[in-house]
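Report on the following structure.
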Amino acid sequence: MTAMPSSDVPDAPDRVDRVEAGWRRERPDIDVTSVGIVTRIWRIGRHLDRHRKQRLDAFGTDRVALDVLAMLRRTGAPYRRTAGELQASALITSGGMSQRLERLEEAGLISRHMHPTDRRKVEVELTAAGMALVDEVTGDLMENESKLLDVLDPAEQEQLRRLLRKLLGTFE
């Protein structure tokens with residue numbers, strides 16, 4: 001999936017415009033504006049999901065593994081958090097997090113240790129291999145996803161970022 005430069009993007013009606021026009025014609029009694037907006041967000045999300053999955057597959061990893069590795073990487077040195085903190089950030093069950101951590105540990109991407117002062121807690125630490133993978137994958141993703149946004153100029157990207165944050169805030 002490659003985005004076209006903004007000067008090459010046609011401003012002609014697209015499939016979603018035709019859907020919206022059909023509803024406007026058939027249901028003039030309701031506001032169908034949301035169809036055009038929500039359908040485009042949904043379709044873009046599907047394209048981005050496919051693109052990200054292809055990129056992750058090329059590295060032999062997946063979104064779940066990247067989420068955990070990226071959480072650890074973003075914490076800064078020494079790239080360590082408790083399993084409970086990771087679980088809370090990921091909003092999954094403790095069993096689900098345990099399975100993720102087990103797979104990552106078997107792959108040598110993290111190590112787990114008992115907390116030094118609280119034996120009920122387990123600390124999870126990013127290994128050198130985990131650091132190398134997360135840095136390579138995130139660099140690749142950010143570079144490629146940035147290219148997808150090249151269809152928008154910097155001011156349009158900033159406007160879209162603000163609008164999407166505002167819209168997302170109504171859900172979260």
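Labels used: A, B, ... for chains in the order of the structure tokens, numbers from 1 for residues in each chain, and numbers from 1 for ligands as shown.
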
(Q) as a PyMOL selection string, please: every residue in range 50-153 of chain A that a backbone DSSP assignment puts in strand (DSSP E). (A) chain A and resi 80-82+110-114+122-126

Q. Residues at most 10 Å from Leu104 in chain A, counting only C-alpha atoms, excluding those fewer than 3 positions away in the same chain, as an NGL selection string?
A. :A and (65-66 or 68-69 or 98-101 or 107-111 or 126 or 130)

Would you write out those residues with C-alpha atoms, as a PDB file, in the first residue's frame?
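So the final result, stored in out.pdb, reads:
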ATOM      1  CA  ALA A  65       4.535  -9.027  20.953  1.00  0.00           C
ATOM      2  CA  LEU A  66       5.313  -5.557  19.664  1.00  0.00           C
ATOM      3  CA  VAL A  68       4.729  -5.537  25.126  1.00  0.00           C
ATOM      4  CA  LEU A  69       8.210  -4.841  23.759  1.00  0.00           C
ATOM      5  CA  SER A  98       1.390 -14.343  31.316  1.00  0.00           C
ATOM      6  CA  GLN A  99       1.063 -16.171  27.990  1.00  0.00           C
ATOM      7  CA  ARG A 100       2.510 -13.210  26.090  1.00  0.00           C
ATOM      8  CA  LEU A 101       5.422 -12.909  28.493  1.00  0.00           C
ATOM      9  CA  ALA A 107      12.213 -16.127  22.233  1.00  0.00           C
ATOM     10  CA  GLY A 108      14.881 -14.376  24.319  1.00  0.00           C
ATOM     11  CA  LEU A 109      13.264 -10.954  23.916  1.00  0.00           C
ATOM     12  CA  ILE A 110      12.534 -10.374  27.620  1.00  0.00           C
ATOM     13  CA  SER A 111      13.661 -11.778  30.943  1.00  0.00           C
ATOM     14  CA  LEU A 126      13.799  -6.011  27.810  1.00  0.00           C
ATOM     15  CA  GLY A 130      14.308  -7.507  22.466  1.00  0.00           C
TER      16      GLY A 130
END

With the cut-off set at 9 Å and counting only C-alpha atoms, tabulate each residue of range 22-79 of chain A with an atom at most that distance from an atom of range 140-154 of chain A, showing the nearest atom pair and its distance in Å to one decimal, ordered by chain and increasing number, as a Markdown table.
| residue | atom | partner | partner_atom | distance |
| --- | --- | --- | --- | --- |
| A:Leu48 | CA | A:Glu145 | CA | 8.4 |
| A:His51 | CA | A:Glu145 | CA | 8.6 |
| A:Arg52 | CA | A:Leu141 | CA | 7.2 |
| A:Arg55 | CA | A:Leu141 | CA | 7.0 |
| A:Leu56 | CA | A:Leu141 | CA | 8.4 |

How about saving the chosen residues, N, CA and C atoms kept, as a PDB file, in the first residue's frame?
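Result file follows (part-v5.pdb):
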ATOM      1  N   LEU A  48      -4.713   0.189   7.141  1.00  0.00           N
ATOM      2  CA  LEU A  48      -3.565   0.341   8.034  1.00  0.00           C
ATOM      3  C   LEU A  48      -3.280  -0.948   8.794  1.00  0.00           C
ATOM      4  N   HIS A  51      -1.540  -3.262   6.361  1.00  0.00           N
ATOM      5  CA  HIS A  51      -0.183  -2.776   6.116  1.00  0.00           C
ATOM      6  C   HIS A  51       0.717  -3.109   7.304  1.00  0.00           C
ATOM      7  N   ARG A  52       0.251  -2.820   8.513  1.00  0.00           N
ATOM      8  CA  ARG A  52       1.065  -3.084   9.703  1.00  0.00           C
ATOM      9  C   ARG A  52       1.305  -4.581   9.858  1.00  0.00           C
ATOM     10  N   ARG A  55       4.053  -5.672   7.545  1.00  0.00           N
ATOM     11  CA  ARG A  55       5.364  -5.218   8.023  1.00  0.00           C
ATOM     12  C   ARG A  55       5.819  -6.089   9.192  1.00  0.00           C
ATOM     13  N   LEU A  56       4.918  -6.382  10.132  1.00  0.00           N
ATOM     14  CA  LEU A  56       5.276  -7.200  11.294  1.00  0.00           C
ATOM     15  C   LEU A  56       5.610  -8.628  10.878  1.00  0.00           C
TER      16      LEU A  56
END

Q | Top pick for closest residue to Asp14 in chain A, considering A:Arg40, A:Thr127, A:Gly76, A:Ile92 and counting only C-alpha atoms | A |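 That would be A:Arg40, the residue with the smallest distance to Asp14 in chain A.
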
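For the atom pair formed by CA of Met131 in chain A and CA of Ala88 in chain A, the distance is 21.5 Å, given to one decimal.
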
Could the residues of range 16-122 of chain A that have an atom at most 12 Å from range 156-165 of chain A be listed as JSON lines, each with its closest atom pair and the distance in Å to one decimal, counting only C-alpha atoms and ordered by chain and ascending residue number?
{"residue": "A:Ile37", "atom": "CA", "partner": "A:Leu164", "partner_atom": "CA", "distance": 11.3}
{"residue": "A:Val38", "atom": "CA", "partner": "A:Leu164", "partner_atom": "CA", "distance": 11.6}
{"residue": "A:Ile41", "atom": "CA", "partner": "A:Leu164", "partner_atom": "CA", "distance": 9.7}

Could you write those residues out with N, CA and C atoms, as a PDB file, in the first residue's frame?
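Writing the result to selection_33.pdb gives the following:
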ATOM      1  N   ILE A  37     -17.932   9.906   6.833  1.00  0.00           N
ATOM      2  CA  ILE A  37     -16.820  10.029   7.777  1.00  0.00           C
ATOM      3  C   ILE A  37     -16.482   8.682   8.397  1.00  0.00           C
ATOM      4  N   VAL A  38     -17.472   8.038   8.980  1.00  0.00           N
ATOM      5  CA  VAL A  38     -17.234   6.782   9.696  1.00  0.00           C
ATOM      6  C   VAL A  38     -16.768   5.684   8.743  1.00  0.00           C
ATOM      7  N   ILE A  41     -13.101   6.281   7.941  1.00  0.00           N
ATOM      8  CA  ILE A  41     -12.250   5.927   9.084  1.00  0.00           C
ATOM      9  C   ILE A  41     -12.122   4.413   9.172  1.00  0.00           C
TER      10      ILE A  41
END

(Q) Using only C-alpha atoms for the distances, tell me which of A:Val124, A:Ser34, A:Thr138, A:Ala132 is nearest to Thr75 in chain A. (A)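 Using only C-alpha atoms, Thr75 in chain A sits closest to A:Val124.
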